[in-house]
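Listing of data15.tsv; format and content: TSV, C-alpha atoms.
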```tsv
chain	number	residue	atom	x	y	z
A	1	MET	CA	-32.44	-33.46	21.91
A	2	THR	CA	-32.06	-35.41	20.42
A	3	LEU	CA	-31.83	-32.96	22.17
A	4	GLY	CA	-31.18	-33.59	21.55
A	5	SER	CA	-32.84	-33.22	22.27
A	6	ALA	CA	-31.55	-34.76	19.06
A	7	GLU	CA	-33.28	-37.12	21.42
A	8	VAL	CA	-36.77	-35.94	20.57
A	9	GLY	CA	-36.21	-36.98	16.96
A	10	PHE	CA	-34.86	-40.36	18.04
A	11	MET	CA	-38.05	-41.00	20.02
A	12	LEU	CA	-40.31	-39.90	17.16
A	13	GLY	CA	-38.60	-42.04	14.52
A	14	LYS	CA	-40.47	-41.65	11.22
A	15	SER	CA	-43.93	-41.11	12.77
A	16	ARG	CA	-45.24	-38.41	10.41
A	17	LEU	CA	-47.38	-37.00	13.22
A	18	LEU	CA	-48.41	-33.54	14.45
A	19	VAL	CA	-46.18	-32.85	17.43
A	20	ARG	CA	-46.82	-30.87	20.57
A	21	LEU	CA	-44.22	-30.74	23.33
A	22	ALA	CA	-45.61	-29.59	26.66
A	23	ALA	CA	-43.28	-29.17	29.61
A	24	GLY	CA	-43.93	-27.59	32.97
A	25	PRO	CA	-41.88	-24.68	34.29
A	26	VAL	CA	-38.50	-25.46	35.79
A	27	MET	CA	-38.13	-24.40	39.42
A	28	VAL	CA	-34.68	-23.02	40.28
A	29	MET	CA	-33.64	-22.29	43.86
A	30	GLY	CA	-30.90	-20.09	45.27
A	31	LEU	CA	-30.52	-17.39	42.63
A	32	GLY	CA	-27.29	-15.43	42.92
A	33	LEU	CA	-27.43	-11.63	43.25
A	34	ALA	CA	-23.84	-10.67	42.40
A	35	GLU	CA	-23.10	-8.36	39.48
A	36	ASP	CA	-20.00	-10.33	38.52
A	37	THR	CA	-19.79	-11.81	35.03
A	38	TYR	CA	-18.96	-15.42	34.22
A	39	PRO	CA	-17.46	-16.96	31.06
A	40	LEU	CA	-20.03	-19.21	29.38
A	41	GLN	CA	-18.21	-20.75	26.43
A	42	GLU	CA	-18.47	-23.86	24.33
A	43	PRO	CA	-15.34	-26.01	24.81
A	44	PRO	CA	-12.55	-25.61	22.25
A	45	VAL	CA	-13.00	-27.97	19.33
A	46	GLU	CA	-9.68	-29.61	20.24
A	47	THR	CA	-11.00	-30.75	23.65
A	48	PRO	CA	-11.56	-34.54	23.65
A	49	LEU	CA	-14.87	-35.45	25.30
A	50	ALA	CA	-16.71	-38.48	26.62
A	51	VAL	CA	-20.44	-38.11	25.96
A	52	GLU	CA	-23.44	-40.02	27.31
A	53	THR	CA	-27.12	-39.53	26.52
A	54	ILE	CA	-30.28	-41.24	27.69
A	55	SER	CA	-33.87	-40.67	26.66
A	56	VAL	CA	-36.76	-42.25	28.56
A	57	ALA	CA	-40.33	-42.32	27.28
A	58	LYS	CA	-42.33	-44.23	29.88
A	59	GLY	CA	-46.08	-44.65	29.70
A	60	VAL	CA	-46.47	-43.79	26.02
A	61	THR	CA	-50.09	-44.15	24.87
A	62	THR	CA	-51.21	-44.21	21.23
A	63	THR	CA	-54.82	-44.01	20.06
A	64	ARG	CA	-55.74	-44.54	16.41
A	65	THR	CA	-59.25	-44.15	15.02
A	66	VAL	CA	-60.17	-45.57	11.61
A	67	ASP	CA	-63.81	-45.61	10.43
A	68	GLY	CA	-64.99	-45.26	14.00
A	69	LYS	CA	-62.88	-48.17	15.27
A	70	VAL	CA	-60.54	-47.21	18.09
A	71	MET	CA	-57.22	-48.99	18.71
A	72	ARG	CA	-54.99	-48.22	21.72
A	73	HIS	CA	-51.41	-49.23	22.46
A	74	THR	CA	-48.99	-48.58	25.31
A	75	ALA	CA	-45.20	-48.53	25.23
A	76	ASP	CA	-42.03	-47.70	27.14
A	77	VAL	CA	-38.87	-46.75	25.22
A	78	VAL	CA	-35.38	-46.17	26.62
A	79	ARG	CA	-32.44	-45.14	24.42
A	80	TRP	CA	-28.80	-45.12	25.59
A	81	ARG	CA	-25.82	-43.69	23.71
A	82	GLU	CA	-22.17	-43.30	24.60
A	83	TRP	CA	-19.40	-41.99	22.37
A	84	ASP	CA	-15.90	-40.53	22.50
A	85	ARG	CA	-15.46	-37.25	20.64
A	86	THR	CA	-11.99	-36.32	19.37
A	87	PHE	CA	-10.59	-33.86	16.86
A	88	THR	CA	-7.80	-33.99	14.27
A	89	ASP	CA	-6.69	-30.76	12.62
A	90	ASP	CA	-5.99	-30.43	8.90
A	91	ALA	CA	-5.99	-27.81	6.15
A	92	LEU	CA	-9.78	-28.14	5.62
A	93	GLY	CA	-10.87	-27.18	9.13
A	94	GLY	CA	-10.25	-30.48	10.87
A	95	ILE	CA	-12.25	-33.66	11.43
A	96	VAL	CA	-14.45	-34.40	14.44
A	97	ARG	CA	-14.51	-38.14	15.21
A	98	TYR	CA	-17.38	-39.81	17.07
A	99	ARG	CA	-16.56	-43.37	18.16
A	100	MET	CA	-19.89	-44.94	19.15
A	101	LYS	CA	-19.31	-47.12	22.21
A	102	ARG	CA	-23.00	-47.80	22.86
A	103	ASP	CA	-26.20	-47.33	20.91
A	104	GLU	CA	-29.00	-49.38	22.43
A	105	ILE	CA	-32.79	-49.29	22.46
A	106	ALA	CA	-35.04	-51.06	24.98
A	107	THR	CA	-38.78	-51.19	24.28
A	108	LYS	CA	-41.86	-52.57	25.96
A	109	VAL	CA	-44.94	-52.51	23.71
A	110	ASN	CA	-48.23	-53.85	25.05
A	111	GLY	CA	-46.25	-55.84	27.60
A	112	GLU	CA	-43.78	-57.36	25.13
A	113	GLU	CA	-40.14	-56.44	25.90
A	114	SER	CA	-37.20	-56.27	23.50
A	115	LYS	CA	-33.71	-54.80	23.31
A	116	THR	CA	-31.86	-53.98	20.09
A	117	ASP	CA	-28.78	-52.10	18.88
A	118	GLY	CA	-29.31	-48.68	17.34
A	119	PRO	CA	-28.26	-47.83	13.78
A	120	LEU	CA	-24.85	-46.44	14.80
A	121	ALA	CA	-23.82	-49.15	17.28
A	122	GLY	CA	-20.08	-49.82	16.92
A	123	LYS	CA	-19.69	-47.25	14.13
A	124	ILE	CA	-17.34	-44.29	13.72
A	125	ALA	CA	-18.80	-41.03	12.41
A	126	LEU	CA	-16.67	-38.24	10.96
A	127	GLY	CA	-17.73	-34.60	10.94
A	128	ARG	CA	-16.42	-32.13	8.36
A	129	LYS	CA	-16.98	-28.37	8.47
A	130	THR	CA	-19.19	-26.87	5.74
A	131	GLY	CA	-18.84	-23.45	4.16
A	132	ALA	CA	-21.44	-22.16	6.65
A	133	GLY	CA	-19.23	-23.21	9.56
A	134	ASN	CA	-21.31	-26.17	10.77
A	135	ARG	CA	-20.35	-29.84	10.56
A	136	THR	CA	-21.96	-32.67	8.64
A	137	PHE	CA	-21.29	-36.32	9.44
A	138	SER	CA	-20.63	-39.47	7.44
A	139	LEU	CA	-19.58	-42.98	8.39
A	140	SER	CA	-15.86	-43.68	8.31
A	141	GLU	CA	-15.93	-47.01	6.46
A	142	ARG	CA	-19.11	-47.13	4.39
A	143	THR	CA	-22.00	-45.09	3.03
A	144	ALA	CA	-24.82	-44.55	5.51
A	145	VAL	CA	-28.11	-46.27	4.64
A	146	GLY	CA	-31.63	-46.32	6.05
A	147	ASP	CA	-31.97	-44.99	9.59
A	148	GLN	CA	-28.22	-44.30	9.74
A	149	VAL	CA	-28.77	-41.25	7.54
A	150	ASP	CA	-31.20	-39.68	10.04
A	151	GLU	CA	-28.94	-40.62	12.94
A	152	LEU	CA	-25.98	-38.79	11.37
A	153	VAL	CA	-28.15	-35.70	10.91
A	154	ALA	CA	-29.00	-35.95	14.60
A	155	MET	CA	-25.32	-36.23	15.50
A	156	ALA	CA	-24.64	-33.07	13.48
A	157	SER	CA	-27.40	-31.27	15.38
A	158	ILE	CA	-25.67	-32.14	18.66
A	159	GLU	CA	-22.24	-31.05	17.39
A	160	ASN	CA	-23.61	-27.74	16.07
A	161	ARG	CA	-25.72	-26.96	19.13
A	162	ASN	CA	-24.15	-23.67	20.44
A	163	TRP	CA	-26.10	-23.61	23.72
A	164	LEU	CA	-23.67	-21.14	25.30
A	165	PRO	CA	-23.13	-17.52	24.16
A	166	ASN	CA	-19.28	-17.60	24.18
A	167	ARG	CA	-18.97	-14.43	26.25
A	168	HIS	CA	-19.13	-13.23	29.85
A	169	VAL	CA	-22.66	-13.21	31.31
A	170	LYS	CA	-24.23	-11.76	34.46
A	171	ILE	CA	-26.62	-13.72	36.66
A	172	GLY	CA	-30.13	-13.01	35.41
A	173	GLU	CA	-28.94	-12.27	31.86
A	174	THR	CA	-30.63	-14.07	28.97
A	175	TRP	CA	-29.63	-14.98	25.41
A	176	GLU	CA	-31.24	-16.66	22.44
A	177	PHE	CA	-29.88	-19.78	20.74
A	178	THR	CA	-30.92	-22.09	17.94
A	179	PRO	CA	-31.76	-25.55	19.34
A	180	GLN	CA	-30.42	-27.56	16.42
A	181	PHE	CA	-31.38	-30.90	17.95
A	182	VAL	CA	-35.06	-29.93	18.34
A	183	ARG	CA	-35.25	-28.35	14.88
A	184	ALA	CA	-33.69	-31.45	13.30
A	185	ALA	CA	-36.24	-33.65	15.08
A	186	LEU	CA	-39.22	-31.59	13.91
A	187	ARG	CA	-37.94	-31.34	10.34
A	188	ARG	CA	-38.09	-35.11	9.94
A	189	ASP	CA	-41.85	-34.69	9.62
A	190	VAL	CA	-42.22	-31.01	8.68
A	191	PRO	CA	-39.31	-29.70	6.59
A	192	ASN	CA	-40.10	-26.02	7.21
A	193	SER	CA	-40.23	-26.33	11.01
A	194	VAL	CA	-38.44	-23.69	13.05
A	195	ALA	CA	-37.21	-23.81	16.64
A	196	VAL	CA	-35.96	-21.09	18.97
A	197	GLY	CA	-34.45	-21.28	22.43
A	198	LEU	CA	-34.10	-18.86	25.32
A	199	ALA	CA	-31.46	-19.37	28.01
A	200	GLU	CA	-30.92	-17.60	31.34
A	201	LEU	CA	-27.98	-17.76	33.75
A	202	VAL	CA	-29.72	-18.20	37.10
A	203	ASP	CA	-26.92	-19.10	39.53
A	204	VAL	CA	-23.21	-19.85	39.96
A	205	LYS	CA	-22.03	-21.92	42.91
A	206	LYS	CA	-18.70	-23.25	44.16
A	207	LEU	CA	-18.26	-27.04	44.21
A	208	PRO	CA	-16.40	-28.96	46.94
A	209	ASP	CA	-13.32	-29.24	44.69
A	210	GLY	CA	-13.14	-25.44	44.37
A	211	SER	CA	-14.42	-25.19	40.80
A	212	ARG	CA	-17.47	-23.10	39.90
A	213	GLU	CA	-20.66	-24.49	38.34
A	214	ALA	CA	-23.10	-22.32	36.38
A	215	LEU	CA	-26.81	-23.16	36.32
A	216	VAL	CA	-28.63	-22.20	33.12
A	217	LYS	CA	-32.38	-22.45	32.54
A	218	LEU	CA	-33.48	-23.38	28.99
A	219	VAL	CA	-36.86	-22.95	27.31
A	220	ILE	CA	-37.27	-24.18	23.73
A	221	ARG	CA	-40.21	-23.62	21.39
A	222	GLY	CA	-40.67	-24.94	17.86
A	223	GLY	CA	-43.25	-25.71	15.21
A	224	GLY	CA	-44.44	-25.75	11.65
A	225	GLU	CA	-47.12	-27.23	9.42
A	226	ALA	CA	-47.28	-29.00	6.08
A	227	ALA	CA	-49.98	-30.49	3.88
A	228	LYS	CA	-48.90	-33.67	2.09
A	229	GLY	CA	-51.99	-34.20	-0.01
A	230	PRO	CA	-55.80	-34.21	0.34
A	231	ASN	CA	-56.81	-35.10	3.92
A	232	ASN	CA	-53.16	-35.63	4.81
A	233	VAL	CA	-51.89	-32.92	7.16
A	234	VAL	CA	-48.91	-32.97	9.48
A	235	GLY	CA	-47.54	-30.22	11.64
A	236	ALA	CA	-45.48	-29.53	14.72
A	237	GLU	CA	-45.56	-27.19	17.68
A	238	GLY	CA	-43.74	-27.60	20.92
A	239	LEU	CA	-42.42	-26.40	24.25
A	240	ILE	CA	-39.69	-28.16	26.21
A	241	SER	CA	-37.69	-26.89	29.17
A	242	GLY	CA	-34.95	-27.87	31.57
A	243	ASN	CA	-31.61	-27.02	33.16
A	244	LEU	CA	-28.02	-27.00	31.94
A	245	THR	CA	-25.09	-27.08	34.38
A	246	VAL	CA	-21.64	-25.98	33.15
A	247	ASN	CA	-18.32	-26.27	34.97
A	248	LEU	CA	-16.52	-22.96	34.44
A	249	GLU	CA	-13.03	-24.34	35.15
A	250	ARG	CA	-13.26	-27.59	33.14
A	251	PRO	CA	-14.33	-26.84	29.54
A	252	GLY	CA	-16.67	-29.50	28.18
A	253	GLU	CA	-17.97	-30.67	31.56
A	254	LEU	CA	-21.73	-30.12	31.43
A	255	VAL	CA	-25.04	-31.83	32.08
A	256	LEU	CA	-28.32	-31.08	30.28
A	257	ARG	CA	-31.71	-32.26	31.58
A	258	LEU	CA	-34.95	-31.70	29.69
A	259	ASN	CA	-38.43	-33.02	30.37
A	260	GLY	CA	-41.98	-32.67	29.17
A	261	THR	CA	-44.85	-34.48	27.50
A	262	LEU	CA	-44.97	-35.10	23.78
A	263	VAL	CA	-48.48	-35.06	22.30
A	264	SER	CA	-48.70	-36.13	18.65
A	265	GLU	CA	-51.68	-35.81	16.32
A	266	ALA	CA	-52.16	-36.59	12.64
A	267	GLN	CA	-54.89	-36.94	10.05
A	268	VAL	CA	-54.19	-39.17	7.06
A	269	GLY	CA	-57.26	-39.88	4.98
A	270	ASP	CA	-59.99	-41.21	7.27
A	271	ALA	CA	-57.55	-42.12	10.05
A	272	ASP	CA	-56.79	-39.96	13.10
A	273	SER	CA	-53.90	-40.63	15.49
A	274	ILE	CA	-53.06	-39.24	18.92
A	275	ALA	CA	-50.01	-40.19	20.99
A	276	ARG	CA	-48.95	-38.97	24.43
A	277	VAL	CA	-45.26	-39.42	25.22
A	278	PRO	CA	-43.96	-38.41	28.66
A	279	ILE	CA	-40.25	-37.94	28.02
A	280	THR	CA	-37.10	-37.25	30.02
A	281	LEU	CA	-33.81	-36.43	28.30
A	282	ARG	CA	-30.28	-36.27	29.72
A	283	PHE	CA	-27.05	-35.26	27.96
A	284	GLU	CA	-23.71	-35.36	29.77
A	285	SER	CA	-20.21	-34.62	28.56
A	286	LYS	CA	-16.85	-34.43	30.34
A	287	PRO	CA	-13.21	-34.18	29.28
A	288	LEU	CA	-11.95	-37.50	27.97
A	289	LYS	CA	-9.20	-38.99	30.07
```
Structure encoded using structure tokens:
Amino acid sequence: MTLGSAEVGFMLGKSRLLVRLAAGPVMVMGLGLAEDTYPLQEPPVETPLAVETISVAKGVTTTRTVDGKVMRHTADVVRWREWDRTFTDDALGGIVRYRMKRDEIATKVNGEESKTDGPLAGKIALGRKTGAGNRTFSLSERTAVGDQVDELVAMASIENRNWLPNRHVKIGETWEFTPQFVRAALRRDVPNSVAVGLAELVDVKKLPDGSREALVKLVIRGGGEAAKGPNNVVGAEGLISGNLTVNLERPGELVLRLNGTLVSEAQVGDADSIARVPITLRFESKPLK
């Protein structure tokens, strides 16, 4: 997600709700039968990339019950992001630089439309490697405040994603990965949430320009639960699925599509809340020209 997938977290905001992601199976046609192996590798950190993401939650419904009184709301939410990703080497493992070209949110709540900039609009985020080998982000010119803090965590979850196994893979072969963007989203509400992902190489085809494109199926599950006081329980469980296409000749050229329905539930005191969020997520990166 917020993928990544980080995107799921962006859609949830600070809801403090019990989360259930339900996505239907992904149908994949034209499975290859060859026993050849194909290199599925994350692009070298030095590769400059142009990245675009969009998350669409259309037809969101929220029902809240307090003392027998029922309140319902409807909403559509669309989130766009674009950034350039570059790398500068140094003695400390180098710096990843995200220059945010677009961070925009369009909403329609009960018929009322609005469009606003997101917390990182026009900002530059810098990612430094930790002792564990991952990267954490900070703003280049000031200390992050408010929602910017959560957004930088989400950016780190994208940077540290590791969707690909960094080895040669046969068609039909599977591997596990940690979906950082989904785990980061769930941990906003439930700190002990876990998330696991299963990937499968289902096909490799040749494109008109002669390059090869790998098709990978992804299934991600996650969840957790936490009590935050008497009659105040939050938790998370989820399933989300989709496809990832990877150009084998052009490192960094890939497209991720995920879809499903987000169902949120919470009990806080005498109030119960249920929200249904049909959601579509798209992540695309390509070498920066």
Distance in Å - atom CA of Ser157 of chain A versus atom CA of Ser138 of chain A: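 So the two atoms, atom CA of Ser157 of chain A and atom CA of Ser138 of chain A, lie 13.3 Å apart.
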d(atom CA of Ser193 of chain A, atom CA of Met155 of chain A) in Å: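 Distance reported for this atom pair: 18.5 Å.
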Interatomic distance (Å, one decimal) between atom CA of Asp90 of chain A and atom CA of Val246 of chain A: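 Between atom CA of Asp90 of chain A and atom CA of Val246 of chain A the gap works out to 29.2 Å.
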Given only C-alpha atoms as the counted atoms, nearest of A:Gly127, A:Pro44, A:Pro165, A:Gly210 to Leu152 of chain A: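 Nearest to Leu152 of chain A: A:Gly127.
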Could you name the residues that touch segment 100-105 of chain A at 8 Å or less, counting all atoms listed in the file, but leaving out those on the same chain fewer than 3 positions away, as a short mmCIF file (atom, residue, chain, number, x, y, z; two decimals) with C-alpha atoms, keeping the file's coordinate frame?
```
data_model
loop_
_atom_site.label_atom_id
_atom_site.label_comp_id
_atom_site.auth_asym_id
_atom_site.auth_seq_id
_atom_site.Cartn_x
_atom_site.Cartn_y
_atom_site.Cartn_z
CA VAL A 77 -38.87 -46.75 25.22
CA VAL A 78 -35.38 -46.17 26.62
CA ARG A 79 -32.44 -45.14 24.42
CA TRP A 80 -28.80 -45.12 25.59
CA ARG A 81 -25.82 -43.69 23.71
CA GLU A 82 -22.17 -43.30 24.60
CA TRP A 83 -19.40 -41.99 22.37
CA ASP A 84 -15.90 -40.53 22.50
CA LYS A 115 -33.71 -54.80 23.31
CA THR A 116 -31.86 -53.98 20.09
CA ASP A 117 -28.78 -52.10 18.88
CA GLY A 118 -29.31 -48.68 17.34
CA PRO A 119 -28.26 -47.83 13.78
CA LEU A 120 -24.85 -46.44 14.80
CA ALA A 121 -23.82 -49.15 17.28
CA GLY A 122 -20.08 -49.82 16.92
CA LYS A 123 -19.69 -47.25 14.13
CA ILE A 124 -17.34 -44.29 13.72
CA ALA A 125 -18.80 -41.03 12.41
#
```
For Arg276 of chain A, the nearest of the candidates A:Asn110, A:Ala50, A:Ala195, A:Leu262, counting only C-alpha atoms: A:Leu262
Pick from A:Thr65, A:Thr47, A:Ser211, A:Ser55 nearest to Thr88 of chain A, counting only C-alpha atoms: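 Selected residue with least distance to Thr88 of chain A: A:Thr47.
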Among listed residues A:Thr261, A:Ser285, A:Ser140, A:Gln267, nearest Lys58 of chain A (using all atoms listed in the file):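 Selected residue with least distance to Lys58 of chain A: A:Thr261.
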Contacts of Trp175 of chain A at 8 Å (all atoms listed in the file; same-chain gap of 2+ positions) as a PyMOL selection string: chain A and resi 165+173+177+198-200
Close residues, Val66 of chain A itself excluded, 7 Å, only C-alpha atoms, min 3 positions apart in chain, as a PDB file with C-alpha atoms, keeping the file's coordinate frame:
```pdb
ATOM      1  CA  LYS A  69     -62.880 -48.170  15.270  1.00  0.00           C
ATOM      2  CA  VAL A  70     -60.540 -47.210  18.090  1.00  0.00           C
ATOM      3  CA  ASP A 270     -59.990 -41.210   7.270  1.00  0.00           C
ATOM      4  CA  ALA A 271     -57.550 -42.120  10.050  1.00  0.00           C
ATOM      5  CA  ASP A 272     -56.790 -39.960  13.100  1.00  0.00           C
TER       6      ASP A 272
END
```
Residue with smallest distance to Leu248 of chain A - pool A:Leu40, A:Val234, A:Val268, A:Val153, counting all atoms listed in the file: A:Leu40
Using all atoms listed in the file, what table do you get, as JSON lines, when you list each residue of segment 116-169 of chain A with an atom no more than 12 Å from segment 252-258 of chain A, its nearest pair of atoms, and their distance in Å rounded to one decimal, rows by chain then rising number?
```
{"residue": "A:Ile158", "atom": "CA", "partner": "A:Leu256", "partner_atom": "CA", "distance": 12.0}
{"residue": "A:Trp163", "atom": "CA", "partner": "A:Leu256", "partner_atom": "CA", "distance": 10.2}
{"residue": "A:Leu164", "atom": "CA", "partner": "A:Leu254", "partner_atom": "CA", "distance": 11.0}
```
Of the listed residues A:Ala75, A:Asp67, A:Arg99, A:Arg161, that which approaches Pro48 of chain A most closely, counting only C-alpha atoms: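 Smallest separation from Pro48 of chain A among the options: A:Arg99.
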Radius query 12 Å about (-18.7, -27.0, 8.0), atoms used: all atoms listed in the file, as a list in words: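 Residues lying no farther than 12 Å from the given point: Leu92, Gly93, Gly94, Ile95, Val96, Leu126, Gly127, Arg128, Lys129, Thr130, Gly131, Ala132, Gly133, Asn134, Arg135, Thr136, Phe137, Ala156, Glu159 and Asn160 of chain A.
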